[in-house]
>>> print(open('query11.txt').read())   # compact mmCIF, C-alpha atoms
# COMPACT_ATOMS: atom_id res chain seq x y z
CA MET G 19 77.38 97.37 125.24
CA LYS G 20 81.16 97.75 125.02
CA ARG G 21 83.32 98.91 127.90
CA GLY G 22 85.88 101.68 127.67
CA PRO G 23 85.73 105.16 126.17
CA THR G 24 82.41 105.83 124.50
CA GLY G 25 81.98 106.75 120.86
CA LEU G 26 78.43 107.77 120.03
CA PRO G 27 77.53 109.57 123.32
CA ALA G 28 80.78 111.57 123.19
CA TRP G 29 80.14 112.48 119.56
CA LEU G 30 76.62 113.69 120.39
CA VAL G 31 77.81 115.66 123.44
CA GLN G 32 80.50 117.33 121.33
CA ARG G 33 78.00 118.46 118.72
CA ALA G 34 75.25 119.51 121.13
CA SER G 35 77.71 121.49 123.27
CA ALA G 36 79.15 123.13 120.14
CA VAL G 37 75.70 124.36 119.14
CA TYR G 38 75.08 125.88 122.58
CA LEU G 39 78.55 127.47 122.70
CA LEU G 40 77.97 129.01 119.30
CA LEU G 41 74.55 130.38 120.23
CA PHE G 42 75.84 131.72 123.55
CA LEU G 43 78.79 133.38 121.83
CA VAL G 44 76.49 135.07 119.33
CA PHE G 45 74.25 136.24 122.21
CA VAL G 46 77.22 137.66 124.16
CA LEU G 47 78.73 139.44 121.16
CA ALA G 48 75.36 140.87 120.11
CA SER G 49 74.66 141.94 123.66
CA PHE G 50 78.02 143.75 124.00
CA ALA G 51 77.56 145.33 120.59
CA LEU G 52 74.14 146.73 121.53
CA VAL G 53 75.01 147.74 125.09
CA PRO G 54 78.78 148.14 125.52
CA VAL G 55 80.21 147.34 128.96
CA HIS G 56 82.79 149.91 130.16
CA SER G 57 83.03 149.44 133.90
CA GLN G 58 82.88 146.92 136.71
CA ALA G 59 79.44 148.18 137.71
CA GLU G 60 78.07 147.75 134.17
CA TRP G 61 79.64 144.29 134.01
CA LEU G 62 77.91 143.27 137.26
CA GLN G 63 74.67 144.72 135.94
CA TRP G 64 75.06 142.68 132.76
CA LEU G 65 75.61 139.53 134.80
CA ALA G 66 72.60 140.27 137.02
CA ARG G 67 70.18 140.02 134.10
CA PRO G 68 67.38 137.47 134.56
CA GLY G 69 68.38 133.92 133.61
CA MET G 70 72.04 134.84 133.28
CA ARG G 71 73.19 132.53 136.06
CA LEU G 72 71.47 129.57 134.39
CA ALA G 73 72.76 130.53 130.93
CA LEU G 74 76.31 130.82 132.27
CA ALA G 75 76.01 127.54 134.16
CA VAL G 76 74.97 125.76 130.96
CA PHE G 77 77.79 127.58 129.14
CA PHE G 78 80.40 126.32 131.60
CA ALA G 79 78.94 122.80 131.49
CA ALA G 80 78.93 122.82 127.67
CA LEU G 81 82.46 124.22 127.55
CA LEU G 82 83.81 121.59 129.96
CA ALA G 83 81.99 118.78 128.14
CA HIS G 84 83.32 120.03 124.81
CA MET G 85 86.85 120.27 126.21
CA TRP G 86 86.59 116.75 127.65
CA VAL G 87 85.60 115.19 124.32
CA GLY G 88 88.05 117.24 122.27
CA LEU G 89 91.07 116.71 124.52
CA ARG G 90 90.12 113.08 125.08
CA ASP G 91 90.14 112.64 121.29
CA VAL G 92 93.62 114.17 121.10
CA LEU G 93 94.88 111.71 123.71
CA LEU G 94 93.14 108.74 122.06
CA ASP G 95 94.63 109.75 118.72
CA TYR G 96 98.18 110.64 119.64
CA ALA G 97 99.21 109.48 123.12
CA GLN G 98 101.73 106.67 122.75
CA PRO G 99 102.30 104.08 124.11
CA VAL G 100 98.64 103.16 124.47
CA ARG G 101 99.01 102.01 128.08
CA ILE G 102 99.65 105.57 129.30
CA ARG G 103 96.30 106.78 127.92
CA PRO G 104 94.18 105.85 131.00
CA TYR G 105 96.54 107.83 133.27
CA LEU G 106 96.49 110.85 130.96
CA LEU G 107 92.68 110.67 130.79
CA ILE G 108 92.47 110.57 134.58
CA GLY G 109 94.76 113.62 134.73
CA LEU G 110 92.61 115.41 132.18
CA ALA G 111 89.41 114.56 134.06
CA ALA G 112 90.95 115.82 137.31
CA GLY G 113 91.98 119.09 135.65
CA LEU G 114 88.50 119.62 134.19
CA CYS G 115 86.90 118.81 137.55
CA GLY G 116 89.10 121.52 139.07
CA LEU G 117 87.87 123.96 136.43
CA ALA G 118 84.28 122.89 137.14
CA VAL G 119 84.71 123.69 140.84
CA TRP G 120 86.20 127.07 139.93
CA ALA G 121 83.27 127.76 137.58
CA GLY G 122 80.91 126.78 140.41
CA PHE G 123 82.50 129.37 142.72
CA ILE G 124 82.16 132.02 140.01
CA LEU G 125 78.46 131.22 139.58
CA LEU G 126 77.81 131.30 143.32
CA ARG G 127 79.48 134.72 143.63
CA MET G 128 77.46 136.19 140.80
CA PRO G 129 75.12 139.05 141.71
CA ALA G 130 71.59 137.79 142.27
CA MET W 16 111.44 111.47 82.37
CA ARG W 17 112.92 111.03 85.84
CA PHE W 18 111.40 108.55 88.28
CA SER W 19 112.54 108.49 91.89
CA ILE W 20 111.45 105.22 93.41
CA SER W 21 111.61 104.22 97.05
CA ARG W 22 113.81 101.16 97.53
CA TYR W 23 114.09 99.07 100.64
CA ASP W 24 115.57 95.63 101.13
CA PRO W 25 115.12 94.63 104.78
CA ASP W 26 118.16 92.33 104.58
CA ARG W 27 120.45 95.11 103.35
CA ASP W 28 119.06 98.58 104.08
CA ASP W 29 118.57 100.42 107.36
CA GLY W 30 115.64 102.32 105.88
CA PRO W 31 113.98 103.28 102.58
CA TRP W 32 115.98 105.35 100.08
CA LEU W 33 115.21 106.84 96.66
CA GLN W 34 116.70 105.38 93.50
CA HIS W 35 116.55 107.54 90.36
CA TYR W 36 115.72 106.18 86.93
CA ASP W 37 115.79 108.30 83.77
CA ILE W 38 113.44 106.80 81.22
CA ASP W 39 112.71 107.87 77.64
CA LEU W 40 108.95 107.58 77.30
CA GLN W 41 107.70 105.55 74.35
CA ASP W 42 104.33 105.73 72.60
CA SER W 43 103.26 102.59 74.40
CA ASP W 44 103.89 104.19 77.80
CA ARG W 45 100.40 105.40 78.61
CA MET W 46 100.01 104.59 82.27
CA LEU W 47 102.51 104.75 85.10
CA LEU W 48 102.44 100.97 85.42
CA ASP W 49 103.64 100.62 81.80
CA VAL W 50 106.77 102.57 82.71
CA LEU W 51 107.25 100.68 85.97
CA LEU W 52 107.17 97.39 84.10
CA ARG W 53 109.83 98.70 81.71
CA ILE W 54 111.95 99.83 84.65
CA LYS W 55 111.58 96.38 86.14
CA GLU W 56 112.84 94.88 82.90
CA GLN W 57 115.99 97.01 83.32
CA ASP W 58 116.26 96.41 87.05
CA PRO W 59 114.67 93.10 88.05
CA THR W 60 115.41 93.78 91.74
CA LEU W 61 112.61 96.38 91.86
CA SER W 62 109.64 94.88 93.69
CA MET W 63 106.00 95.89 93.33
CA ARG W 64 102.56 94.36 93.14
CA LYS W 65 100.35 94.37 90.05
CA SER W 66 97.72 92.14 88.55
CA CYS W 67 94.77 93.23 86.41
CA ARG W 68 96.39 96.39 84.97
CA GLU W 69 92.99 98.10 84.58
CA GLY W 70 92.06 99.51 87.99
CA VAL W 71 89.99 96.59 89.15
CA CYS W 72 92.21 94.55 91.46
CA GLY W 73 93.80 97.40 93.43
CA SER W 74 97.15 95.61 93.69
CA ASP W 75 99.34 98.44 92.40
CA ALA W 76 98.26 101.09 94.90
CA MET W 77 101.20 103.32 95.78
CA ASN W 78 102.04 106.86 96.76
CA ILE W 79 102.57 108.88 93.58
CA ASN W 80 104.02 112.37 94.01
CA GLY W 81 102.70 112.43 97.58
CA ARG W 82 99.22 111.17 96.82
CA ASN W 83 97.90 107.62 96.83
CA GLY W 84 96.69 106.16 93.55
CA LEU W 85 96.75 103.16 91.26
CA ALA W 86 99.72 103.04 88.90
CA CYS W 87 97.69 101.26 86.22
CA ILE W 88 95.14 104.07 85.79
CA THR W 89 97.49 107.03 86.33
CA ARG W 90 98.46 108.69 83.06
CA VAL W 91 102.20 109.01 83.14
CA ARG W 92 102.36 112.12 80.96
CA ASP W 93 100.18 114.05 83.43
CA LEU W 94 102.69 113.61 86.25
CA LYS W 95 105.12 116.27 87.42
CA GLU W 96 108.83 115.48 87.24
CA PRO W 97 110.53 113.94 89.03
CA VAL W 98 107.87 111.33 89.63
CA VAL W 99 108.39 110.25 93.23
CA LEU W 100 106.99 106.81 94.00
CA ARG W 101 106.77 105.51 97.54
CA PRO W 102 104.93 102.61 99.16
CA LEU W 103 101.54 103.30 100.75
CA PRO W 104 102.21 105.52 103.78
CA GLY W 105 101.53 104.24 107.27
CA PHE W 106 101.85 100.58 106.35
CA PRO W 107 104.90 98.44 107.22
CA ILE W 108 107.15 98.07 104.16
CA VAL W 109 107.91 94.53 103.04
CA ARG W 110 110.21 95.53 100.19
CA ASP W 111 110.46 98.50 97.79
CA LEU W 112 106.85 99.41 96.86
CA ILE W 113 105.28 96.40 98.57
CA VAL W 114 103.62 96.92 101.94
CA ASP W 115 102.31 94.52 104.56
CA MET W 116 98.51 94.72 104.41
CA THR W 117 97.83 92.24 107.22
CA GLN W 118 96.45 94.89 109.59
CA PHE W 119 94.34 96.42 106.83
CA PHE W 120 92.65 93.12 106.00
CA LYS W 121 92.32 92.26 109.69
CA GLN W 122 90.22 95.40 110.10
CA TYR W 123 88.27 94.55 106.95
CA HIS W 124 87.44 91.06 108.27
CA SER W 125 86.49 92.51 111.66
CA ILE W 126 83.36 94.15 110.25
CA ARG W 127 82.14 90.71 109.09
CA PRO W 128 81.96 91.53 105.37
CA TYR W 129 79.27 89.03 104.49
CA LEU W 130 75.50 88.86 104.64
CA ILE W 131 74.14 87.67 108.00
CA ASN W 132 70.65 86.24 107.65
CA ASP W 133 69.46 83.28 109.68
CA GLU W 134 66.25 82.78 107.75
CA PRO W 135 66.19 79.72 105.49
CA PRO W 136 67.36 80.76 102.03
CA PRO W 137 64.51 81.11 99.54
CA GLU W 138 64.29 78.85 96.54
CA ARG W 139 65.85 81.35 94.17
CA GLU W 140 67.29 84.49 95.79
CA ARG W 141 66.69 87.13 98.47
CA LEU W 142 64.92 89.91 96.61
CA GLN W 143 65.41 93.65 97.03
CA SER W 144 63.37 96.57 95.76
CA PRO W 145 65.20 98.97 93.42
CA ALA W 146 65.26 101.55 96.25
CA GLU W 147 66.84 99.06 98.65
CA ARG W 148 69.42 98.08 96.07
CA GLU W 149 70.16 101.73 95.33
CA LYS W 150 71.55 102.21 98.83
CA LEU W 151 74.45 99.89 98.05
CA ASN W 152 75.62 102.00 95.13
CA GLY W 153 78.73 103.97 95.96
CA ALA W 154 79.88 101.30 98.43
CA TYR W 155 79.97 97.93 96.71
CA GLU W 156 82.39 99.24 94.07
CA CYS W 157 85.25 99.41 96.60
CA ILE W 158 88.18 97.32 95.39
CA LEU W 159 90.08 97.30 98.72
CA CYS W 160 93.18 98.91 97.23
CA ALA W 161 93.83 100.64 100.61
CA CYS W 162 94.52 104.04 99.03
CA CYS W 163 91.99 105.57 101.45
CA SER W 164 93.04 103.92 104.71
CA SER W 165 96.70 104.52 103.92
CA GLN W 166 96.05 108.25 103.44
CA CYS W 167 93.99 108.54 106.65
CA PRO W 168 95.87 110.06 109.63
CA SER W 169 93.45 108.41 112.08
CA PHE W 170 94.39 105.03 110.60
CA TRP W 171 98.09 105.89 110.90
CA TRP W 172 97.72 106.60 114.64
CA ASN W 173 95.48 103.65 115.57
CA PRO W 174 95.63 101.00 112.83
CA ASP W 175 94.89 98.23 115.32
CA LYS W 176 91.80 99.94 116.77
CA PHE W 177 90.28 102.17 114.05
CA VAL W 178 88.62 100.18 111.27
CA GLY W 179 89.64 102.74 108.67
CA PRO W 180 87.67 104.14 105.73
CA ALA W 181 87.94 101.02 103.55
CA GLY W 182 86.56 98.78 106.27
CA LEU W 183 83.88 101.31 107.20
CA ILE W 184 82.52 101.74 103.69
CA GLN W 185 82.19 97.95 103.65
CA ALA W 186 80.47 98.10 107.04
CA TYR W 187 78.03 100.62 105.53
CA ARG W 188 77.44 98.26 102.62
CA PHE W 189 76.16 95.52 104.98
CA ILE W 190 74.45 97.78 107.54
CA PHE W 191 72.34 99.28 104.77
CA ASP W 192 71.67 95.99 102.98
CA SER W 193 67.97 95.18 103.40
CA ARG W 194 68.76 91.45 103.34
CA ASP W 195 71.10 91.62 106.34
CA GLN W 196 69.65 90.92 109.79
CA ALA W 197 72.61 91.90 111.98
CA THR W 198 72.21 95.67 111.71
CA GLU W 199 72.03 96.33 115.47
CA GLU W 200 75.01 94.05 116.19
CA ARG W 201 77.03 95.74 113.47
CA LEU W 202 76.19 99.20 114.81
CA ASP W 203 76.98 98.15 118.37
CA ASP W 204 80.33 96.77 117.21
CA LEU W 205 81.24 100.20 115.83
CA SER W 206 79.91 102.27 118.72
CA ASP W 207 83.03 102.52 120.90
CA ALA W 208 85.51 105.40 120.81
CA TYR W 209 87.88 103.74 118.37
CA ARG W 210 86.35 101.55 115.67
CA LEU W 211 84.36 104.25 113.87
CA PHE W 212 84.60 107.37 116.02
CA ARG W 213 88.34 107.91 115.43
CA CYS W 214 87.21 109.35 112.08
CA ARG W 215 87.87 113.09 112.30
CA THR W 216 86.17 113.81 108.95
CA ILE W 217 89.50 114.75 107.38
CA MET W 218 88.11 113.34 104.10
CA ASN W 219 91.46 112.32 102.60
CA CYS W 220 89.73 109.00 101.91
CA SER W 221 87.18 110.56 99.56
CA GLU W 222 89.86 112.75 97.99
CA VAL W 223 92.18 109.91 96.96
CA CYS W 224 89.77 107.06 96.19
CA PRO W 225 90.72 105.93 92.66
CA LYS W 226 87.15 104.74 92.11
CA GLY W 227 85.66 108.10 93.13
CA LEU W 228 83.88 106.69 96.19
CA GLU W 229 83.25 108.70 99.34
CA PRO W 230 83.93 106.64 102.48
CA SER W 231 83.51 109.78 104.61
CA HIS W 232 79.85 109.98 103.58
CA ALA W 233 79.39 106.29 104.36
CA ILE W 234 80.83 106.89 107.84
CA GLU W 235 78.49 109.85 108.35
CA ARG W 236 75.48 107.76 107.35
CA VAL W 237 76.47 105.01 109.77
CA ARG W 238 76.70 107.62 112.54
CA LEU W 239 73.23 108.90 111.63
CA LYS W 240 71.93 105.34 111.52
CA MET W 241 73.13 104.93 115.12
CA ILE W 242 70.86 107.79 116.19
CA LYS W 243 68.07 106.61 113.87
CA LYS W 244 68.37 109.68 111.66
CA ASP W 245 69.48 108.04 108.44
CA GLY W 246 66.11 108.75 106.84
CA ASP W 247 65.38 107.64 103.33
CA SER W 248 68.94 107.78 102.05
CA GLY W 249 69.63 106.70 98.51
CA ALA W 250 72.96 105.83 96.92
CA LEU W 251 76.16 107.21 98.39
CA PRO W 252 77.54 110.19 96.47
CA VAL W 253 80.42 109.49 94.10
CA HIS W 254 82.68 111.80 92.14
CA PRO W 255 84.95 111.46 89.12
CA PRO W 256 88.30 110.16 90.40
CA ARG W 257 90.67 113.08 90.88
CA PRO W 258 93.84 112.58 88.84
CA VAL W 259 97.25 112.37 90.45
CA ALA W 260 99.51 115.17 89.24
>>> encode(input="query11.txt", output="structure tokens")
Amino acid sequence: MKRGPTGLPAWLVQRASAVYLLLFLVFVLASFALVPVHSQAEWLQWLARPGMRLALAVFFAALLAHMWVGLRDVLLDYAQPVRIRPYLLIGLAAGLCGLAVWAGFILLRMPA
Amino acid sequence: MRFSISRYDPDRDDGPWLQHYDIDLQDSDRMLLDVLLRIKEQDPTLSMRKSCREGVCGSDAMNINGRNGLACITRVRDLKEPVVLRPLPGFPIVRDLIVDMTQFFKQYHSIRPYLINDEPPPERERLQSPAEREKLNGAYECILCACCSSQCPSFWWNPDKFVGPAGLIQAYRFIFDSRDQATEERLDDLSDAYRLFRCRTIMNCSEVCPKGLEPSHAIERVRLKMIKKDGDSGALPVHPPRPVA
């Protein structure tokens, strides 16, 4: 197996995460259309629905994975000279890890 | 009819510039190449490649009014004036309309464009069923003119790492050849982030192919082959070549 940035796994992750993001978006829009949220209390109630923490956790994971592959592709396509790409990728990974930690805090503070 | 042709002499010019030629079309001027040959008679310093003059060799690929095509099969009377001719984009210019195709052919050779089969050759030939042979249709017709790779932004950005549509349709041709035994090695060779997966499915390659081939479909089938989802695929789709205007 070759070393360096992956091709096939990244491609599969991008597509699988896109499918989940699309389904989750449809669910959220349909949910808000059926039961509009007008206040903080209603918002907390919406978040406290069964399985919501897990669904949101998968959403954040899919979003971060999708961002990683998409932004990594931008850097692999356009970042010149080529030798700066590893440093930019490390910076990108660090930024996304920061977002992952933030998303983790949000999930932990969600109403049970 | 006015022709604006990119000129560049590396010994004299800092960069390419357009030279204008006003030509009275004659009855014998059917294809763009006919006119270019007449211009060259007037101005022997104009440099270009050509050979078969019937869309088979791919030598006279160039950018015609912003779109890649073969001068020998482009009807000159269908073109908008002024006809702007430039060398294939993204490739280093050698002179005028001639580009350096070293990198292009390096990528082509990197996919090992030959049958790999270690079994002793049979007495007559390695046979294929009609269905197995059908899979090569839409790929083997590629003439390596480079119209596709030269119109592919991914190839512009990473010509040394991305194989490009011309090389990848050839890779498909051997990956899907029932007589070839190096399928897994070929797929593994293309599995990194660059060699095949720089393709962003822009599909310029399929749009400009003068033979009407669809390298983007070949690339998709190779991807599916990597995840064992290629199924019982037949010939690659083809379309009538879209004329340059």
>>> atom_distance(input="query11.txt", atom1="CA of Pro104 in chain W", atom2="CA of Gln166 in chain W")
6.7 Å
>>> interface_residues(input="query11.txt", of="chain G", to="chain W", cutoff="10 Å", atoms="all atoms listed in the file", output="list in words")
Met19, Lys20, Arg21, Gly22, Pro23, Thr24, Gly25, Leu26, Pro27, Ala28, Trp29, Leu30, Arg90, Asp91, Val92, Leu94, Asp95, Tyr96, Ala97, Gln98 and Val100 of chain G
>>> closest_residue(input="query11.txt", among="G:Val31, G:Met128, G:Ala80, G:Leu107", to="Trp61 in chain G", atoms="all atoms listed in the file")
G:Met128
>>> closest_atom_pairs(input="query11.txt", of="range 165-244 of chain W", to="range 144-157 of chain W", cutoff="10 Å", atoms="all atoms listed in the file", output="Markdown table")
| residue | atom | partner | partner_atom | distance |
| --- | --- | --- | --- | --- |
| W:Ala181 | CA | W:Cys157 | CA | 7.6 |
| W:Gly182 | CA | W:Cys157 | CA | 9.8 |
| W:Leu183 | CA | W:Ala154 | CA | 9.6 |
| W:Ile184 | CA | W:Ala154 | CA | 5.9 |
| W:Gln185 | CA | W:Ala154 | CA | 6.6 |
| W:Ala186 | CA | W:Ala154 | CA | 9.2 |
| W:Tyr187 | CA | W:Ala154 | CA | 7.4 |
| W:Arg188 | CA | W:Leu151 | CA | 5.7 |
| W:Phe189 | CA | W:Leu151 | CA | 8.4 |
| W:Ile190 | CA | W:Leu151 | CA | 9.7 |
| W:Phe191 | CA | W:Lys150 | CA | 6.7 |
| W:Asp192 | CA | W:Leu151 | CA | 6.9 |
| W:Ser193 | CA | W:Glu147 | CA | 6.2 |
| W:Arg194 | CA | W:Glu147 | CA | 9.1 |
| W:Cys224 | CA | W:Cys157 | CA | 8.9 |
| W:Pro225 | CA | W:Cys157 | CA | 9.4 |
| W:Lys226 | CA | W:Cys157 | CA | 7.2 |
| W:Gly227 | CA | W:Gly153 | CA | 8.5 |
| W:Leu228 | CA | W:Gly153 | CA | 5.8 |
| W:Glu229 | CA | W:Gly153 | CA | 7.4 |
| W:Pro230 | CA | W:Ala154 | CA | 7.8 |
| W:His232 | CA | W:Gly153 | CA | 9.8 |
| W:Ala233 | CA | W:Ala154 | CA | 7.8 |
>>> atom_distance(input="query11.txt", atom1="CA of Thr117 in chain W", atom2="CA of Arg53 in chain W")
28.9 Å
>>> build_atoms(input="query11.txt", residues="range 147-157 of chain W", atoms="all heavy atoms", output="mmCIF file, in the coordinates of the input")
data_model
loop_
_atom_site.group_PDB
_atom_site.id
_atom_site.type_symbol
_atom_site.label_atom_id
_atom_site.label_comp_id
_atom_site.auth_asym_id
_atom_site.auth_seq_id
_atom_site.Cartn_x
_atom_site.Cartn_y
_atom_site.Cartn_z
ATOM 1 N N GLU W 147 65.941 99.716 97.688
ATOM 2 C CA GLU W 147 66.840 99.060 98.650
ATOM 3 C C GLU W 147 68.197 98.774 98.018
ATOM 4 O O GLU W 147 69.240 98.951 98.642
ATOM 5 C CB GLU W 147 66.205 97.748 99.137
ATOM 6 C CG GLU W 147 65.024 97.972 100.057
ATOM 7 C CD GLU W 147 64.213 96.697 100.302
ATOM 8 O OE1 GLU W 147 64.331 95.738 99.496
ATOM 9 O OE2 GLU W 147 63.455 96.667 101.272
ATOM 10 N N ARG W 148 68.167 98.361 96.777
ATOM 11 C CA ARG W 148 69.420 98.080 96.070
ATOM 12 C C ARG W 148 70.234 99.346 95.827
ATOM 13 O O ARG W 148 71.466 99.336 95.889
ATOM 14 C CB ARG W 148 69.107 97.385 94.732
ATOM 15 C CG ARG W 148 70.277 97.179 93.807
ATOM 16 C CD ARG W 148 71.351 96.293 94.444
ATOM 17 N NE ARG W 148 72.523 96.236 93.589
ATOM 18 C CZ ARG W 148 73.438 97.202 93.529
ATOM 19 N NH1 ARG W 148 73.318 98.288 94.284
ATOM 20 N NH2 ARG W 148 74.487 97.082 92.736
ATOM 21 N N GLU W 149 69.508 100.443 95.608
ATOM 22 C CA GLU W 149 70.160 101.730 95.330
ATOM 23 C C GLU W 149 71.099 102.146 96.450
ATOM 24 O O GLU W 149 72.142 102.753 96.205
ATOM 25 C CB GLU W 149 69.060 102.788 95.107
ATOM 26 C CG GLU W 149 69.541 104.200 94.845
ATOM 27 C CD GLU W 149 70.056 104.397 93.422
ATOM 28 O OE1 GLU W 149 69.897 103.475 92.605
ATOM 29 O OE2 GLU W 149 70.620 105.472 93.144
ATOM 30 N N LYS W 150 70.745 101.795 97.687
ATOM 31 C CA LYS W 150 71.550 102.210 98.830
ATOM 32 C C LYS W 150 72.955 101.614 98.815
ATOM 33 O O LYS W 150 73.849 102.104 99.492
ATOM 34 C CB LYS W 150 70.858 101.814 100.136
ATOM 35 C CG LYS W 150 69.606 102.605 100.417
ATOM 36 C CD LYS W 150 69.016 102.244 101.764
ATOM 37 C CE LYS W 150 67.737 103.028 101.991
ATOM 38 N NZ LYS W 150 67.143 102.778 103.305
ATOM 39 N N LEU W 151 73.125 100.532 98.081
ATOM 40 C CA LEU W 151 74.450 99.890 98.050
ATOM 41 C C LEU W 151 75.375 100.540 97.026
ATOM 42 O O LEU W 151 76.590 100.314 97.049
ATOM 43 C CB LEU W 151 74.314 98.390 97.735
ATOM 44 C CG LEU W 151 73.321 97.629 98.613
ATOM 45 C CD1 LEU W 151 73.378 96.138 98.306
ATOM 46 C CD2 LEU W 151 73.598 97.871 100.083
ATOM 47 N N ASN W 152 74.790 101.326 96.124
ATOM 48 C CA ASN W 152 75.620 102.000 95.130
ATOM 49 C C ASN W 152 76.535 103.021 95.813
ATOM 50 O O ASN W 152 76.126 103.728 96.723
ATOM 51 C CB ASN W 152 74.750 102.724 94.094
ATOM 52 C CG ASN W 152 74.089 101.751 93.138
ATOM 53 O OD1 ASN W 152 74.477 100.578 93.076
ATOM 54 N ND2 ASN W 152 73.091 102.218 92.414
ATOM 55 N N GLY W 153 77.760 103.080 95.334
ATOM 56 C CA GLY W 153 78.730 103.970 95.960
ATOM 57 C C GLY W 153 79.503 103.299 97.061
ATOM 58 O O GLY W 153 80.388 103.902 97.657
ATOM 59 N N ALA W 154 79.149 102.041 97.377
ATOM 60 C CA ALA W 154 79.880 101.300 98.430
ATOM 61 C C ALA W 154 80.412 99.976 97.895
ATOM 62 O O ALA W 154 81.559 99.620 98.127
ATOM 63 C CB ALA W 154 78.978 101.054 99.625
ATOM 64 N N TYR W 155 79.554 99.264 97.145
ATOM 65 C CA TYR W 155 79.970 97.930 96.710
ATOM 66 C C TYR W 155 81.121 97.974 95.709
ATOM 67 O O TYR W 155 81.827 96.994 95.493
ATOM 68 C CB TYR W 155 78.784 97.162 96.108
ATOM 69 C CG TYR W 155 78.495 97.523 94.668
ATOM 70 C CD1 TYR W 155 79.085 96.799 93.627
ATOM 71 C CD2 TYR W 155 77.675 98.593 94.324
ATOM 72 C CE1 TYR W 155 78.856 97.130 92.296
ATOM 73 C CE2 TYR W 155 77.449 98.942 93.021
ATOM 74 C CZ TYR W 155 78.034 98.208 92.010
ATOM 75 O OH TYR W 155 77.820 98.549 90.708
ATOM 76 N N GLU W 156 81.346 99.136 95.102
ATOM 77 C CA GLU W 156 82.390 99.240 94.070
ATOM 78 C C GLU W 156 83.800 99.259 94.650
ATOM 79 O O GLU W 156 84.773 99.214 93.893
ATOM 80 C CB GLU W 156 82.174 100.519 93.246
ATOM 81 C CG GLU W 156 80.842 100.601 92.504
ATOM 82 C CD GLU W 156 79.785 101.357 93.307
ATOM 83 O OE1 GLU W 156 79.825 101.261 94.549
ATOM 84 O OE2 GLU W 156 78.925 102.013 92.704
ATOM 85 N N CYS W 157 83.909 99.354 95.979
ATOM 86 C CA CYS W 157 85.250 99.410 96.600
ATOM 87 C C CYS W 157 86.063 98.183 96.225
ATOM 88 O O CYS W 157 85.581 97.054 96.315
ATOM 89 C CB CYS W 157 85.096 99.500 98.127
ATOM 90 S SG CYS W 157 86.660 99.379 99.007
#
